[in-house]
Protein chains: 2
Amino acid sequence: MSPSRLSRLGAKADELAKLSMDKQLRLAVTGLSGAGKTAFITSLVNQLLLGAENHQLPLWTLARKQGFLGAKRVPQPHLHLASFDYLGGMQALQSQPPRWPSPTDGVSELRLKLRYSPQSLIWRKLSHTATLNLDIVDYPGEWLLDLPLLNMTYQQWCEHIANNLQPARKAELAKNWQDLLLNIDIHSPADENTLADIAKAYTEYLHRCKDELGLHHIQPGRFVLPGELAGAPILAFFPLPPALLSEPSGSRKAQKSSYLGLLEQRFEYYKEHVVKQFYRQHFVKFDRQIVLVDCLSPLNSGHQSFCDMQLAINQILHSFNYGQTSLLRRLFAPKIDKLVFAASKADHVTPEQHDKLVQLLSQLIAEGKRHVKFEGISTQTMALASIKATQSGKVQINSQSFSALKGILQSDADSQKVTTVFPGEVPASLPKPEFWQQQGFEFSPFQAPQANSFEALPHIRIDQAIEFLLGDKFK
Amino acid sequence: MSPSRLSRLGAKADELAKLSMDKQLRLAVTGLSGAGKTAFITSLVNQLLLGAENHQLPLWTLARKQGFLGAKRVPQPHLHLASFDYLGGMQALQSQPPRWPSPTDGVSELRLKLRYSPQSLIWRKLSHTATLNLDIVDYPGEWLLDLPLLNMTYQQWCEHIANNLQPARKAELAKNWQDLLLNIDIHSPADENTLADIAKAYTEYLHRCKDELGLHHIQPGRFVLPGELAGAPILAFFPLPPALLSEPSGSRKAQKSSYLGLLEQRFEYYKEHVVKQFYRQHFVKFDRQIVLVDCLSPLNSGHQSFCDMQLAINQILHSFNYGQTSLLRRLFAPKIDKLVFAASKADHVTPEQHDKLVQLLSQLIAEGKRHVKFEGISTQTMALASIKATQSGKVQINSQSFSALKGILQSDADSQKVTTVFPGEVPASLPKPEFWQQQGFEFSPFQAPQANSFEALPHIRIDQAIEFLLGDKFK
């Protein structure tokens with residue numbers, strides 16, 4: 001055999017080996033609370049389970065070329081982890097009136113076995129059908145907000161929190177737990193009931209920041225989504241005012257059983273056993289990632305909520321910064337090589353505004369991207385609707401025709417009245433102060449569409465996401 | 001030094017070493033749902049925290065002799081475990097109108113540091129005060145019902161469940177999940193959605209047995225109190241009708257990916273990672289145990305509920321059977337040396353009936369005790385009220401005076417009307433068929449008493465429980 005023939009065969013063998021190793025893929029789905037993770041996964045699973053017969057996925061090359069043969073749900077790899085509740089989600093969408101699937105609050109997973117006709121000639125010669133085991137993993141974006149804690153001491157964290165107590169409304173909510181701090185001497189032996197009491201008040205403050213002010217940048221993130229750690233002392237700590245720490249007595253080493261001592265210990269324990277643990281147990285195993293962003297609700301909630309969401313999203317991007325000097329690189333060898341940023345709920349604006357939505361999202365994440373070197377990670381920014389709840393139409397105002405949306409508003413669930421609304425203009429760039437004064441945007445939540453068990457769910461561009469996230473795996 | 005003097009000193013040193021080792025105690029509190037675990041722990045902690053000044057504990061020798069100096073809540077040993085929510089319980093009792101503390105549904109713990117004057121002369125010479133670290137651990141009695149699974153194969157478990165589908169009402173509830181079994185061939189490759197669907201229906205059946213029929217003997221116990229395992233595949237299995245398993249094809253070895261294969265795997269995984277895990281992680285570390293039993297609610301619910309409770313309680317007793325040949329002995333070296341059986345809610349019957357309540361409880365657990373050899377475990381059976389909600393009084397009927405109870409019925413929470421009721425007669429032995437026909441007992445739940453932060457909670461005989469469970473530790 002000639003050397004060149006040999007080397008060609010070698011190359012083919014390499015390619016084959018690579019292909020056969022590609023048969024497993026772990027796709028992670030995240031986003032802040034309310035971004036639409038559950039709707040996305042429910043729809044993705046639904047499209048794949050029903051997609052072989054339902055030609056609703058034209059942007060997915062494999063499906064367009066009729067190479068997608070079908071999918072089946074099979075046992076997930078980790079018996080201890082919650083299963084993503086696909087059936088519950090479909091039940092909600094099929095009930096009358098239809099409801100959106102219930103949100104999740106921790107890690108859950110689900111495995112699909114996808115059957116397809118290999119698209120590359122070399123692989124086709126070997127087999128007519130091939131299999132990809134796709135694991136879909138759902139986790140709260142809030143958990144990624146804790147990454148910077150790893151670089152902080154307890155004292156630095158206290159300063160960080162104190163510096164972020166602006167604006168006034170936030171400081172007002174903080175008063176409740178801060179008043180409780182007046183009663184303790186941080187160097188005296190800690191009373192466990194008092195600690196639990198203040199930690200409870202601090203957790204309530206975080207919840208109110210989230211619920212009343214629409215804030216997302218909550219630290220520590222696990223306090224508002226505790227999962228199995230609810231009520232455990234590992235979540236019973238809180239920041240102290242830096243003034244207390246910088247007093248002359250503050251510099252002496254904290255007694256182990258004092259308030260300060262216990263707070264320091266729990267902060268360190270949280271970093272080690274909650275924050276690092278998540279990256280080690282879950283994050284390190286992800287191959288692909290989609291980050292869902294709801295740009296519309298913060299546009300409704302106002303300036304502060306919007307800025308906070310921008311901060312939170314850019315904070316989340318730090319977890320995908322794999323630069324040599326990054327914090328994560330020191331913890332583990334990351335694997336993610338494709339990352340999608342998707343503006344969700346695109347069906348809540350008129351179709352010609354989708355481009356603006358993508359531009360807005362691009363600007364939102366621009367700062368994070370500048371700081372992040374996506375070494376070897378390819379990214380895409382897009383707008384999608386996991387489950388499309390509206391139809392686009394026209395309204396006549398003063399004999400002028402405007403683009404509008406038709407659907408059942410969430411608030412009309414009782415009457416099931418179909419409304420035509422014009423949601424206003426999405427700004428194509430980060431909104432200026434005038435935008436907030438003019439109240440240029442009014443986003444109304446729509447009821448979920450009525451689903452049935454034989455048709456795939458209506459969507460906008462979920463096939464584009466599939467193409468980018470999975471497309472190269474079907475060679 | 002003379003040899004006898006030396007040996008006396010040696011004996012003293014031994015005694016001292018023993019005493020100093022005694023300074024740690026792990027007290028476990030269990031009972032079936034509704035038995036009053038949360039009320040018991042809330043009251044126990046409250047009595048100990050306030051007890052040094054509140055002379056409400058005459059049956060506790062140490063307190064009576066004024067040797068109890070006080071207690072303080074200190075950090076619990078396991079930061080990952082939920083803290084028992086003492087503050088939440090007290091808040092509920094102090095609200096207007098007062099509410100009973102919310103029930104718990106998993107393992108939680110709390111540590112108290114008790115200070116006391118040692119009661120033995122030798123120890124007194126060394127120190128005026130001593131410390132006992134008391135860990136109080138709360139866990140669901142339902143989890144102990146899973147012990148017999150360890151001795152069963154999946155096939156044996158299926159038979160066991162089928163044999164327990166009597167009476168008719170239970171079989172009726174079972175129809176729903178059993179009908180779903182008709183659609184599957186247990187030897188064909190499993191569909192994960194179908195498995196999840198049937199497991200959901202089986203779990204619903206267990207919940208309905210518990211809620212509608214008042215049954216306690218639920219298997220697997222973790223299905224109705226899943227804690228952190230909610231939604232995980234480890235809880236997604238169910239029994240098959242033995243007829244299916246004993247078909248000729250049933251005897252061939254199950255394919256790993258078939259329905260039967262997956263069900264077998266998950267059953268084994270559940271035994272290993274849920275049942276054994278609980279005994280290894282928690283049970284093995286308990287020093288003392290109190291089992292709370294609500295005898296009154298099942299008397300209300302009727303014959304079937306009462307028999308089922310009897311079965312469940314006796315099943316629970318198996319976990320304290322430390323005989324050489326026992327299942328547990330093979331798993332670990334048990335430590336529990338004192339065990340209290342307490343009939344709870346004694347304030348819901350008139351005081352002169354407390355003896356009958358104890359007799360009834362003794363008969364209830366008699367069968368379990370016969371099978372159990374309490375090797376080295378001393379036991380006590382008693383009646384108590386963790387938080388006393390009634391006053392005893394008299395009613396005149398036809399100029400005859402009867403013992404009665406005075407309090408606010410749960411159903412009168414709005415009006416806060418004080419009612420005097422005669423709850424009827426507690427049978428002093430296991431009720432005969434006539435009892436159920438005559439409806440001799442009418443038990444009404446009372447509203448919790450109004451608590452405040454400076455007085456200890458009212459109780460009946462919680463000091464007797466303290467004396468038996470902890471008394472010997474204060475030498």
# chains A, B, ... in the order shown; residues from 1 in each chain; ligands from 1
call {"tool": "interface_residues", "arguments": {"of": "chain A", "to": "chain B", "cutoff": "8 Å", "atoms": "only C-alpha atoms", "output": "ChimeraX atom specification"}}
result
/A:72-76,79-85,87,190-193,197,227-234
call {"tool": "select_by_dssp", "arguments": {"residues": "segment 135-260 of chain A", "states": "strand (DSSP E or B)", "output": "NGL selection string"}}
result
:A and (135-138 or 189 or 258)
call {"tool": "write_last_selection", "arguments": {"atoms": "all heavy atoms", "output": "JSON list (two decimals), in the first residue's frame"}}
result
[["chain", "number", "residue", "atom", "x", "y", "z"],
["A", 135, "ASP", "N", -28.75, 14.39, 26.19],
["A", 135, "ASP", "CA", -29.19, 14.72, 27.55],
["A", 135, "ASP", "C", -29.51, 16.20, 27.60],
["A", 135, "ASP", "O", -28.68, 17.02, 27.22],
["A", 135, "ASP", "CB", -28.09, 14.43, 28.58],
["A", 135, "ASP", "CG", -27.87, 12.94, 28.75],
["A", 135, "ASP", "OD1", -28.79, 12.17, 28.45],
["A", 135, "ASP", "OD2", -26.75, 12.56, 29.14],
["A", 136, "ILE", "N", -30.70, 16.53, 28.05],
["A", 136, "ILE", "CA", -31.08, 17.94, 28.20],
["A", 136, "ILE", "C", -31.11, 18.24, 29.70],
["A", 136, "ILE", "O", -31.78, 17.53, 30.46],
["A", 136, "ILE", "CB", -32.46, 18.20, 27.56],
["A", 136, "ILE", "CG1", -32.41, 17.79, 26.09],
["A", 136, "ILE", "CG2", -32.85, 19.66, 27.71],
["A", 136, "ILE", "CD1", -33.77, 17.81, 25.40],
["A", 137, "VAL", "N", -30.34, 19.23, 30.12],
["A", 137, "VAL", "CA", -30.21, 19.54, 31.55],
["A", 137, "VAL", "C", -30.71, 20.96, 31.80],
["A", 137, "VAL", "O", -30.28, 21.90, 31.13],
["A", 137, "VAL", "CB", -28.75, 19.43, 32.02],
["A", 137, "VAL", "CG1", -28.69, 19.52, 33.55],
["A", 137, "VAL", "CG2", -28.11, 18.15, 31.52],
["A", 138, "ASP", "N", -31.57, 21.09, 32.76],
["A", 138, "ASP", "CA", -32.17, 22.37, 33.12],
["A", 138, "ASP", "C", -31.55, 22.82, 34.45],
["A", 138, "ASP", "O", -31.46, 22.03, 35.38],
["A", 138, "ASP", "CB", -33.68, 22.10, 33.31],
["A", 138, "ASP", "CG", -34.45, 23.31, 33.79],
["A", 138, "ASP", "OD1", -34.00, 24.44, 33.55],
["A", 138, "ASP", "OD2", -35.52, 23.10, 34.40],
["A", 189, "PRO", "N", -20.13, 35.39, 71.74],
["A", 189, "PRO", "CA", -20.54, 34.05, 71.30],
["A", 189, "PRO", "C", -21.89, 34.12, 70.60],
["A", 189, "PRO", "O", -22.81, 34.79, 71.07],
["A", 189, "PRO", "CB", -20.64, 33.26, 72.61],
["A", 189, "PRO", "CG", -19.77, 34.00, 73.57],
["A", 189, "PRO", "CD", -19.87, 35.44, 73.19],
["A", 258, "SER", "N", -17.92, 32.96, 67.76],
["A", 258, "SER", "CA", -18.57, 34.27, 67.76],
["A", 258, "SER", "C", -19.44, 34.41, 66.52],
["A", 258, "SER", "O", -19.34, 33.61, 65.58],
["A", 258, "SER", "CB", -17.51, 35.37, 67.77],
["A", 258, "SER", "OG", -16.83, 35.40, 66.53]]
call {"tool": "closest_residue", "arguments": {"among": "A:Arg208, A:Lys175, A:His187, A:His216", "to": "Leu244 of chain A", "atoms": "only C-alpha atoms"}}
result
A:His187
call {"tool": "closest_residue", "arguments": {"among": "A:Leu311, A:Leu50, A:Ile377, A:Leu405", "to": "Val418 of chain A", "atoms": "only C-alpha atoms"}}
result
A:Leu405
call {"tool": "select_by_dssp", "arguments": {"residues": "segment 314-469 of chain A", "states": "alpha helix (DSSP H)", "output": "VMD selection string"}}
result
chain A and resid 314 to 317 327 to 331 354 to 371 433 to 438 462 to 469
call {"tool": "residues_around", "arguments": {"residues": "Gln363 of chain A", "least_positions_apart": "5", "cutoff": "9 Å", "atoms": "only C-alpha atoms", "output": "PyMOL selection string"}}
result
chain A and resi 358+428-430
call {"tool": "write_last_selection", "arguments": {"atoms": "N, CA, C and O atoms", "output": "CSV table (one decimal), in the first residue's frame"}}
result
chain,number,residue,atom,x,y,z
A,358,VAL,N,-33.2,41.0,18.6
A,358,VAL,CA,-31.8,40.4,18.6
A,358,VAL,C,-30.8,41.5,18.8
A,358,VAL,O,-29.8,41.3,19.5
A,428,ALA,N,-34.1,49.1,19.6
A,428,ALA,CA,-33.1,48.3,18.9
A,428,ALA,C,-31.8,48.5,19.6
A,428,ALA,O,-30.8,47.8,19.3
A,429,SER,N,-31.7,49.4,20.6
A,429,SER,CA,-30.5,49.5,21.4
A,429,SER,C,-30.8,49.8,22.8
A,429,SER,O,-32.0,50.0,23.1
A,430,LEU,N,-29.8,49.8,23.7
A,430,LEU,CA,-30.1,49.9,25.1
A,430,LEU,C,-31.0,51.2,25.3
A,430,LEU,O,-30.6,52.3,24.8
call {"tool": "residues_around", "arguments": {"residues": "Phe237 of chain B", "least_positions_apart": "4", "cutoff": "7 Å", "atoms": "only C-alpha atoms", "output": "PyMOL selection string"}}
result
chain B and resi 199+263+266-267
call {"tool": "residues_around", "arguments": {"residues": "Gly31 of chain B", "least_positions_apart": "5", "cutoff": "6 Å", "atoms": "only C-alpha atoms", "output": "PyMOL selection string"}}
result
chain B and resi 141+291-292
call {"tool": "write_last_selection", "arguments": {"atoms": "all heavy atoms", "output": "compact mmCIF listing (two decimals), in the first residue's frame"}}
result
# COMPACT_ATOMS: atom_id res chain seq x y z
N GLY B 141 -41.65 8.78 60.37
CA GLY B 141 -41.79 7.37 60.69
C GLY B 141 -42.02 6.53 59.44
O GLY B 141 -41.63 5.36 59.38
N VAL B 291 -40.98 7.49 69.95
CA VAL B 291 -41.92 7.24 68.86
C VAL B 291 -43.27 7.76 69.29
O VAL B 291 -43.84 7.29 70.28
CB VAL B 291 -42.02 5.72 68.54
CG1 VAL B 291 -43.03 5.48 67.43
CG2 VAL B 291 -40.67 5.14 68.17
N LEU B 292 -43.77 8.78 68.58
CA LEU B 292 -45.06 9.36 68.92
C LEU B 292 -46.17 8.65 68.15
O LEU B 292 -46.01 8.35 66.96
CB LEU B 292 -45.07 10.86 68.59
CG LEU B 292 -44.08 11.69 69.42
CD1 LEU B 292 -43.80 13.01 68.73
CD2 LEU B 292 -44.63 11.93 70.82
call {"tool": "atom_distance", "arguments": {"atom1": "atom CA of Val275 of chain B", "atom2": "atom CA of Val340 of chain B"}}
result
23.5 Å
call {"tool": "residues_around", "arguments": {"residues": "Ser444 of chain B", "least_positions_apart": "2", "cutoff": "12 Å", "atoms": "only C-alpha atoms", "output": "list in words"}}
result
Leu296, Ser297, Leu299, Asn300, Ser301, Lys345, Asp347, His348, Val349, Ala389, Thr390, Leu405, Lys406, Gly407, Ile408, Leu409, Gln410, Ser411, Asp412, Thr419, Thr420, Val421, Phe422, Pro423, Gly424, Phe441, Glu442, Phe446 and Gln447 of chain B
call {"tool": "write_last_selection", "arguments": {"atoms": "N, CA and C atoms", "output": "compact mmCIF listing (two decimals), in the first residue's frame"}}
result
# COMPACT_ATOMS: atom_id res chain seq x y z
N LEU B 296 -55.79 8.66 68.57
CA LEU B 296 -57.14 9.20 68.57
C LEU B 296 -57.72 9.39 67.17
N SER B 297 -56.90 9.94 66.25
CA SER B 297 -57.42 10.14 64.88
C SER B 297 -57.87 8.84 64.25
N LEU B 299 -59.00 6.25 65.74
CA LEU B 299 -60.26 5.86 66.40
C LEU B 299 -61.43 6.56 65.74
N ASN B 300 -61.19 7.80 65.32
CA ASN B 300 -62.21 8.56 64.60
C ASN B 300 -62.45 8.01 63.21
N SER B 301 -61.34 7.69 62.50
CA SER B 301 -61.44 7.34 61.08
C SER B 301 -62.07 5.99 60.85
N LYS B 345 -51.22 13.90 72.07
CA LYS B 345 -52.53 14.58 72.12
C LYS B 345 -53.39 14.13 73.30
N ASP B 347 -54.17 15.72 75.73
CA ASP B 347 -55.06 16.81 76.15
C ASP B 347 -56.41 16.76 75.42
N HIS B 348 -56.52 15.88 74.44
CA HIS B 348 -57.77 15.78 73.69
C HIS B 348 -58.73 14.76 74.31
N VAL B 349 -58.33 14.15 75.43
CA VAL B 349 -59.26 13.32 76.20
C VAL B 349 -59.20 13.81 77.66
N ALA B 389 -53.74 22.06 74.72
CA ALA B 389 -54.65 23.00 74.08
C ALA B 389 -56.00 23.09 74.79
N THR B 390 -56.19 22.30 75.83
CA THR B 390 -57.51 22.29 76.50
C THR B 390 -57.34 22.43 78.01
N LEU B 405 -63.86 18.66 78.43
CA LEU B 405 -62.73 19.48 78.01
C LEU B 405 -63.22 20.84 77.56
N LYS B 406 -62.42 21.87 77.87
CA LYS B 406 -62.77 23.22 77.47
C LYS B 406 -61.65 23.76 76.58
N GLY B 407 -62.01 24.30 75.43
CA GLY B 407 -60.99 24.87 74.55
C GLY B 407 -61.65 25.43 73.31
N ILE B 408 -60.84 25.97 72.39
CA ILE B 408 -61.38 26.50 71.14
C ILE B 408 -61.19 25.45 70.07
N LEU B 409 -62.31 25.00 69.50
CA LEU B 409 -62.20 23.99 68.45
C LEU B 409 -61.55 24.61 67.21
N GLN B 410 -60.77 23.78 66.52
CA GLN B 410 -60.13 24.21 65.28
C GLN B 410 -61.14 24.86 64.34
N SER B 411 -62.36 24.29 64.32
CA SER B 411 -63.39 24.77 63.40
C SER B 411 -63.97 26.12 63.83
N ASP B 412 -63.66 26.55 65.06
CA ASP B 412 -64.15 27.85 65.52
C ASP B 412 -63.06 28.92 65.50
N THR B 419 -65.48 26.23 73.72
CA THR B 419 -66.50 25.18 73.77
C THR B 419 -66.14 24.19 74.87
N THR B 420 -67.14 23.64 75.51
CA THR B 420 -66.92 22.53 76.43
C THR B 420 -67.45 21.27 75.77
N VAL B 421 -66.59 20.27 75.60
CA VAL B 421 -67.04 19.04 74.92
C VAL B 421 -66.66 17.82 75.76
N PHE B 422 -67.44 16.77 75.59
CA PHE B 422 -67.09 15.49 76.16
C PHE B 422 -66.68 14.58 75.01
N PRO B 423 -65.40 14.22 74.92
CA PRO B 423 -64.93 13.53 73.73
C PRO B 423 -65.31 12.07 73.67
N GLY B 424 -65.97 11.54 74.66
CA GLY B 424 -66.31 10.11 74.65
C GLY B 424 -65.23 9.29 75.30
N PHE B 441 -66.65 7.07 69.93
CA PHE B 441 -65.62 8.07 70.14
C PHE B 441 -65.71 9.20 69.14
N GLU B 442 -65.68 10.39 69.64
CA GLU B 442 -65.72 11.55 68.74
C GLU B 442 -64.63 12.52 69.16
N PHE B 446 -58.46 20.60 68.48
CA PHE B 446 -58.52 21.91 69.11
C PHE B 446 -57.47 22.85 68.51
N GLN B 447 -57.76 24.11 68.58
CA GLN B 447 -56.80 25.13 68.18
C GLN B 447 -55.65 25.15 69.18
call {"tool": "residues_around", "arguments": {"residues": "Phe332 of chain A", "least_positions_apart": "6", "cutoff": "10 Å", "atoms": "only C-alpha atoms", "output": "short mmCIF file (atom, residue, chain, number, x, y, z; two decimals) with C-alpha atoms, in the first residue's frame"}}
result
data_model
loop_
_atom_site.label_atom_id
_atom_site.label_comp_id
_atom_site.auth_asym_id
_atom_site.auth_seq_id
_atom_site.Cartn_x
_atom_site.Cartn_y
_atom_site.Cartn_z
CA TYR A 279 -19.50 23.50 38.84
CA ARG A 280 -17.82 20.18 39.63
CA PHE A 283 -21.29 22.41 34.78
CA VAL A 284 -18.10 20.56 33.91
CA TYR A 322 -12.42 30.01 29.81
#
call {"tool": "atom_distance", "arguments": {"atom1": "atom CA of Trp157 of chain B", "atom2": "atom CA of Gln219 of chain B"}}
result
9.6 Å
call {"tool": "decode", "arguments": {"residues": "segment 330-341 of chain B", "atoms": "N, CA, C and O atoms", "output": "PDB file, in the first residue's frame"}}
result
ATOM      1  N   ARG B 330     -27.082  -6.829  60.574  1.00  0.00           N
ATOM      2  CA  ARG B 330     -26.140  -7.097  59.489  1.00  0.00           C
ATOM      3  C   ARG B 330     -25.666  -5.804  58.827  1.00  0.00           C
ATOM      4  O   ARG B 330     -24.633  -5.751  58.195  1.00  0.00           O
ATOM      5  N   LEU B 331     -26.470  -4.756  58.945  1.00  0.00           N
ATOM      6  CA  LEU B 331     -26.108  -3.484  58.298  1.00  0.00           C
ATOM      7  C   LEU B 331     -25.192  -2.631  59.155  1.00  0.00           C
ATOM      8  O   LEU B 331     -24.312  -1.944  58.651  1.00  0.00           O
ATOM      9  N   PHE B 332     -25.430  -2.602  60.457  1.00  0.00           N
ATOM     10  CA  PHE B 332     -24.651  -1.692  61.293  1.00  0.00           C
ATOM     11  C   PHE B 332     -24.756  -2.080  62.762  1.00  0.00           C
ATOM     12  O   PHE B 332     -25.563  -2.928  63.138  1.00  0.00           O
ATOM     13  N   ALA B 333     -23.954  -1.438  63.587  1.00  0.00           N
ATOM     14  CA  ALA B 333     -24.004  -1.657  65.029  1.00  0.00           C
ATOM     15  C   ALA B 333     -24.902  -0.600  65.648  1.00  0.00           C
ATOM     16  O   ALA B 333     -24.551   0.566  65.704  1.00  0.00           O
ATOM     17  N   PRO B 334     -26.081  -0.995  66.097  1.00  0.00           N
ATOM     18  CA  PRO B 334     -27.036  -0.019  66.625  1.00  0.00           C
ATOM     19  C   PRO B 334     -26.627   0.481  68.007  1.00  0.00           C
ATOM     20  O   PRO B 334     -25.891  -0.182  68.727  1.00  0.00           O
ATOM     21  N   LYS B 335     -27.100   1.679  68.359  1.00  0.00           N
ATOM     22  CA  LYS B 335     -26.690   2.311  69.608  1.00  0.00           C
ATOM     23  C   LYS B 335     -27.842   2.643  70.547  1.00  0.00           C
ATOM     24  O   LYS B 335     -27.616   2.883  71.729  1.00  0.00           O
ATOM     25  N   ILE B 336     -29.070   2.702  70.007  1.00  0.00           N
ATOM     26  CA  ILE B 336     -30.201   3.167  70.829  1.00  0.00           C
ATOM     27  C   ILE B 336     -30.362   2.286  72.069  1.00  0.00           C
ATOM     28  O   ILE B 336     -30.414   1.068  71.955  1.00  0.00           O
ATOM     29  N   ASP B 337     -30.397   2.899  73.255  1.00  0.00           N
ATOM     30  CA  ASP B 337     -30.553   2.105  74.478  1.00  0.00           C
ATOM     31  C   ASP B 337     -31.785   2.486  75.286  1.00  0.00           C
ATOM     32  O   ASP B 337     -32.089   1.829  76.274  1.00  0.00           O
ATOM     33  N   LYS B 338     -32.493   3.532  74.891  1.00  0.00           N
ATOM     34  CA  LYS B 338     -33.747   3.878  75.559  1.00  0.00           C
ATOM     35  C   LYS B 338     -34.757   4.322  74.512  1.00  0.00           C
ATOM     36  O   LYS B 338     -34.432   5.084  73.608  1.00  0.00           O
ATOM     37  N   LEU B 339     -35.980   3.840  74.701  1.00  0.00           N
ATOM     38  CA  LEU B 339     -37.014   4.042  73.689  1.00  0.00           C
ATOM     39  C   LEU B 339     -38.323   4.357  74.403  1.00  0.00           C
ATOM     40  O   LEU B 339     -38.748   3.617  75.272  1.00  0.00           O
ATOM     41  N   VAL B 340     -38.940   5.487  74.027  1.00  0.00           N
ATOM     42  CA  VAL B 340     -40.245   5.842  74.602  1.00  0.00           C
ATOM     43  C   VAL B 340     -41.320   5.708  73.529  1.00  0.00           C
ATOM     44  O   VAL B 340     -41.130   6.164  72.403  1.00  0.00           O
ATOM     45  N   PHE B 341     -42.429   5.054  73.872  1.00  0.00           N
ATOM     46  CA  PHE B 341     -43.629   5.087  73.036  1.00  0.00           C
ATOM     47  C   PHE B 341     -44.596   6.035  73.701  1.00  0.00           C
ATOM     48  O   PHE B 341     -44.983   5.797  74.851  1.00  0.00           O
TER      49      PHE B 341
END
